[in-house]
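A.B. asks: One structure is given below, represented as structure tokens, and several questions about it will come after.
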Amino acid sequence: FAGQSASKPLAGRRAVVTSGPTHEPIDPVRYIANRSSGKQGHAVAAALAALGADVTLVSGPVTLADPMGVRVVRVETAAEMLAASQGALPADIAVCAAAVADWRVAAAAGDKVKKGPDGPPTLTLAENPDILATLAQAGPARPRLVVGFAAETRDVLAYAAAKLAKKGCDWIVANDVATGTGTFGGDDNQVHLLRRGAAPEAPLIETWPRLSKTEVAARLAQAIADTLSPPIA
Ligand code: CTP
Ligand code: CA
């Protein structure tokens, strides 16, 4: 469309990207979290911006610098990440790369929990909202292309295909995080891109070589551009 150029195929497109972990408080000094450096999600935000997209990066607590040319909204909890992601709509593209904590403590303590004679406390957990599924099922506000990630320790393709079908997103980037693959906190990633096919349980699968997280992000951003803004012949 007007404004589109070969080097900025996503000019005029808006994107929301989630990245990093969420921290769910137990009390003011303790939290529950997933492992996540935020490297892959931040790289995706930067890669979309490099192709011209107007990007809002909703980031949980990470030690990374803000990517250049991206609007960054910092959050702590899954509830805050969901609100900030919804606040970034309307968008053409959503990429959920955050490692959201699946559970939060149902009633976090207002004061630090102290050790005592009664032994360890019992935590009652509540399930967190699914940001990816919420965005993918947002009705008229749904971004045109909704992409999730799936980190699995076994049966990577089967679990990723099930997530694609269940969450209602368009693509899933699946990676194997079994110990020894060096994915967590590392600079490389080996992923499969699953795209929803005619039947949701039979996606189209592309297996990418082991690449740096920056290269995975660049390839993903290019695939998004090819889908949303195919070059005008
Ligand atoms: N996700 C999300 N909000 C959540 C949980 C997950 O947005 N509360 C997104 C992640 O950002 C990722 C995708 O959903 O893009 C898959 O996350 P994953 O943890 O692999 O899936 P879950 O549905 O939580 O399943 P599991 O029981 O394997 O953790
Ligand atoms: Ca999860």
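If you're wondering about the labels, chains in the structure tokens are A, B, ... by order shown, residues count from 1 in each chain, ligands from 1 in order shown.
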Name the residues in contact with Gly168 (chain A) at a cut-off of 8 Å, using only C-alpha atoms, excluding same-chain residues fewer than 6 positions from it; report them as a VMD selection string.
C.D. replies: chain A and resid 133 136 to 137
A.B. asks: Go through chain A residue by residue and, counting only C-alpha atoms and all ligand atoms, keep those with an atom at most 6 Å from ligand 1; for each kept residue give the shortest atom pair and its distance in Å to one decimal, ordered by chain and increasing number, as CSV.
C.D. replies:
residue,atom,partner,partner_atom_place_in_ligand_line,distance
A:Cys96,CA,ligand 1,11 (O),4.3
A:Ala97,CA,ligand 1,11 (O),4.5
A:Ala98,CA,ligand 1,11 (O),4.2
A:Ala99,CA,ligand 1,11 (O),5.3
A:Val100,CA,ligand 1,4 (C),4.9
A:Asp102,CA,ligand 1,8 (N),5.1
A:Asn128,CA,ligand 1,8 (N),5.3
A:Pro129,CA,ligand 1,8 (N),5.0
A:Asp130,CA,ligand 1,8 (N),3.5
A:Ile131,CA,ligand 1,7 (O),3.6
A:Leu132,CA,ligand 1,7 (O),3.7
A:Gly148,CA,ligand 1,15 (O),3.5
A:Phe149,CA,ligand 1,15 (O),3.7
A:Ala150,CA,ligand 1,20 (O),3.9
A:Ala151,CA,ligand 1,20 (O),5.0
A.B. asks: Please produce a file of the residues just selected, as a tab-separated table (two decimals), in the first residue's frame, where the atoms kept are C-alpha atoms.
C.D. replies:
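To be explicit, this is the file written out as part06.tsv:
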chain	number	residue	atom	x	y	z
A	96	CYS	CA	3.68	-13.12	22.23
A	97	ALA	CA	7.22	-14.13	23.15
A	98	ALA	CA	6.89	-13.59	26.90
A	99	ALA	CA	7.35	-16.48	29.31
A	100	VAL	CA	4.25	-15.64	31.31
A	102	ASP	CA	0.98	-19.63	34.42
A	128	ASN	CA	-3.20	-16.23	35.06
A	129	PRO	CA	-4.97	-14.88	31.98
A	130	ASP	CA	-3.59	-16.19	28.68
A	131	ILE	CA	-2.43	-13.08	26.83
A	132	LEU	CA	-1.86	-14.85	23.52
A	148	GLY	CA	2.90	-17.27	19.73
A	149	PHE	CA	5.97	-19.10	20.94
A	150	ALA	CA	6.04	-22.57	22.46
A	151	ALA	CA	8.97	-23.68	24.58
A.B. asks: Which residues, written as a PyMOL selection string, have at least one atom at most 12 Å from Val216 (chain A), with only C-alpha atoms counted and residues fewer than 4 positions away on the same chain left out?
C.D. replies: chain A and resi 39-48+173-175+187-193+207-212+220-223
A.B. asks: Have a look at A:Val75, A:Ala11, A:Ala33, A:Ile232 and name the one nearest to ligand 2; count only C-alpha atoms and all ligand atoms.
C.D. replies: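 Comparing A:Val75, A:Ala11, A:Ala33, A:Ile232 against ligand 2, the winner is A:Ala33.
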A.B. asks: Write out as a list of chain:residue names each polymer residue whose atoms come within 8 Å of Val62 (chain A), counting only C-alpha atoms; drop sequence neighbours fewer than 6 positions from it.
C.D. replies: A:Gly20, A:Pro21, A:Ser37, A:Gly38
A.B. asks: Check region 44-213 of chain A with DSSP on the backbone and list each residue it calls strand (DSSP E or B), as a ChimeraX atom specification.
C.D. replies: /A:54-59,71-74,93-96,99,103-105,125-127,145-152,171-176,188-189,191-195,204-207,211-212
A.B. asks: Please list as a VMD selection string every residue within 9 Å of Ala106 (chain A), counting only C-alpha atoms and excluding residues in the same chain fewer than 3 positions away.
C.D. replies: chain A and resid 26 103 123 to 127
A.B. asks: Could you tell me how far CA of Gly52 (chain A) sits from CA of Arg219 (chain A), in Å to one decimal place?
C.D. replies: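 Here the two named atoms are 14.7 Å from each other.
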A.B. asks: Need the shell around Lys8 (chain A): protein/DNA/RNA residues with any atom at most 10 Å away, counting only C-alpha atoms. Skip same-chain ones fewer than 4 positions apart. Format as a PyMOL selection string?
C.D. replies: chain A and resi 3-4+12+48-53+225+229
A.B. asks: Could you give me the residues within region 25-205 of chain A that DSSP places in helix (DSSP H, G or I), as a PyMOL selection string?
C.D. replies: chain A and resi 39-50+78-87+131-136+139-141+156-167
A.B. asks: What is the distance between CA of Arg14 (chain A) and CA of Val73 (chain A), in Å to one decimal?
C.D. replies: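 One can read the CA of Arg14 (chain A) to CA of Val73 (chain A) distance as 15.0 Å.
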